[in-house]
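Asker: This structure is in structure tokens; I'll ask about it shortly.
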Amino acid sequence: MPGRKPGILFSMIRKELQKLYWQLLIPALILLMASEGAKSMGFIIHLTFSEKRIVSILILVLAALTAVALPVLLRTFFINRVKDQKSVAPFEWLKYERRTMAMALTTPYFFFLASLLRFNRFYYVAVFLLSLYGCYYYFPSQKRIHFEKRLFRIHEE
């Protein structure tokens, strides 16, 4: 397109991904802060129930799935789908990126549940670390987008 600066498309894509990132993350952070505040003020009592360990394991497995396993699976499917193409259309890659980001950013909601249900330290910290990983790895930084752009041979149209 004449008159357009190189890289403007990826700048717009990065801004769109960052907007989605914060739209997905901020509600989880608000819920977490509300939960911690309610616990510290004594509004939420320490929950004890016999199925707590099972629920802890289930939440940990779901957090591992959403932070690591399912995004890797989606990446593998995307790579297999585009492997024979000379280049990938930016909006095809953007669609993939939105899906993986949405998947990974469900993990902080599991951390909210771990906080609310007062999991024992092992499960709490494990879900916390998985949440951090999902939030850190899928943040749409310029460096990460540039790396993905080179890796998938994405060219501006």
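Chain labels run A, B, ... following the order of the structure tokens; each chain numbers its residues from 1, and ligands are numbered from 1 in the order shown.
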Using only C-alpha atoms, which residues of stretch 13-129 of chain A come within 6 Å of stretch 134-157 of chain A, and what is the closest atom pair for each, with the distance in Å to one decimal? Give it as a Markdown table, sorted by chain and residue number.

Answerer:
| residue | atom | partner | partner_atom | distance |
| --- | --- | --- | --- | --- |
| A:Gln18 | CA | A:Pro140 | CA | 5.9 |
| A:Ala67 | CA | A:Gly134 | CA | 4.9 |
| A:Ser87 | CA | A:Arg153 | CA | 4.8 |
| A:Val88 | CA | A:Ile154 | CA | 4.9 |
| A:Pro90 | CA | A:Ile154 | CA | 5.9 |
| A:Met101 | CA | A:Tyr138 | CA | 5.9 |
| A:Ala104 | CA | A:Gly134 | CA | 5.0 |

Asker: Export, as a PDB file, in the first residue's frame, the selected residues with N, CA and C atoms.

Answerer:
ATOM      1  N   GLN A  18      -2.402  -6.345  22.716  1.00  0.00           N
ATOM      2  CA  GLN A  18      -2.240  -5.810  24.070  1.00  0.00           C
ATOM      3  C   GLN A  18      -3.587  -5.426  24.672  1.00  0.00           C
ATOM      4  N   ALA A  67      -2.260 -23.060  30.799  1.00  0.00           N
ATOM      5  CA  ALA A  67      -1.038 -22.257  30.719  1.00  0.00           C
ATOM      6  C   ALA A  67      -0.002 -22.861  29.779  1.00  0.00           C
ATOM      7  N   SER A  87       4.647 -18.203   3.164  1.00  0.00           N
ATOM      8  CA  SER A  87       4.480 -17.211   4.222  1.00  0.00           C
ATOM      9  C   SER A  87       3.065 -17.335   4.780  1.00  0.00           C
ATOM     10  N   VAL A  88       2.890 -16.764   5.935  1.00  0.00           N
ATOM     11  CA  VAL A  88       1.601 -16.822   6.625  1.00  0.00           C
ATOM     12  C   VAL A  88       0.985 -15.421   6.582  1.00  0.00           C
ATOM     13  N   PRO A  90      -0.829 -12.239   7.870  1.00  0.00           N
ATOM     14  CA  PRO A  90      -0.831 -11.665   9.228  1.00  0.00           C
ATOM     15  C   PRO A  90      -2.121 -11.925   9.999  1.00  0.00           C
ATOM     16  N   MET A 101      -3.665 -16.802  23.374  1.00  0.00           N
ATOM     17  CA  MET A 101      -3.656 -15.840  24.474  1.00  0.00           C
ATOM     18  C   MET A 101      -4.887 -16.020  25.356  1.00  0.00           C
ATOM     19  N   ALA A 104      -4.327 -19.143  27.479  1.00  0.00           N
ATOM     20  CA  ALA A 104      -3.342 -18.980  28.549  1.00  0.00           C
ATOM     21  C   ALA A 104      -3.829 -18.035  29.640  1.00  0.00           C
TER      22      ALA A 104
END

Asker: Which is closest to A:Phe10 among A:Ile44, A:Val61, A:Leu29, A:Leu94, if we use only C-alpha atoms?

Answerer: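 Of A:Ile44, A:Val61, A:Leu29, A:Leu94, the one nearest A:Phe10 is A:Leu94, counting only C-alpha atoms.
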
Asker: Excluding stretch 111-128 of chain A and residues on its chain fewer than 5 positions from it, collect all residues at most 6 Å away from it, counting only C-alpha atoms, and give them as an MDAnalysis selection string.

Answerer: chainID A and resid 32 35 60

Asker: Okay, now the selection with N, CA and C atoms, as a short mmCIF file (atom, residue, chain, number, x, y, z; two decimals), in the first residue's frame?

Answerer:
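Wrote selection_21.cif, looks like this:
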data_model
loop_
_atom_site.label_atom_id
_atom_site.label_comp_id
_atom_site.auth_asym_id
_atom_site.auth_seq_id
_atom_site.Cartn_x
_atom_site.Cartn_y
_atom_site.Cartn_z
N LEU A 32 -9.15 -11.41 42.08
CA LEU A 32 -8.13 -11.84 43.02
C LEU A 32 -7.97 -10.83 44.15
N SER A 35 -10.99 -11.04 46.41
CA SER A 35 -10.92 -12.25 47.22
C SER A 35 -9.94 -12.09 48.38
N LEU A 60 -5.27 -27.46 39.70
CA LEU A 60 -3.87 -27.48 39.27
C LEU A 60 -3.73 -28.07 37.87
#

Asker: Identify, with DSSP run on backbone atoms, the residues in chain A assigned to helix (DSSP H, G or I), and express the list as number ranges by chain.

Answerer: A: 8-40, 52-82, 90-104, 107-116, 121-137, 142-151

Asker: Using only C-alpha atoms for the distances, tell me which of A:Ile13, A:Ala28, A:Ala34, A:Leu62 is nearest to A:Trp93.

Answerer: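 Selected residue with least distance to A:Trp93: A:Ile13.
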
Asker: Separation of atom CA of A:Thr66 and atom CA of A:Thr106, in Å?

Answerer: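 Interatomic distance here is 6.6 Å.
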
Asker: Any idea what's packed within 8 Å of A:Leu24, counting only C-alpha atoms, ignoring anything in its chain fewer than 2 positions away? Could you give it as a list in words?

Answerer: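 Everything that qualifies: Leu20, Tyr21, Trp22, Ile26, Pro27, Ala28, Ala102, Leu105 and Thr106 of chain A.
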
Asker: Please, what distance in Å, to one decimal, runs between atom CA of A:Phe91 and atom CA of A:Leu25?

Answerer: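 Value for the atom CA of A:Phe91-atom CA of A:Leu25 distance: 22.7 Å.
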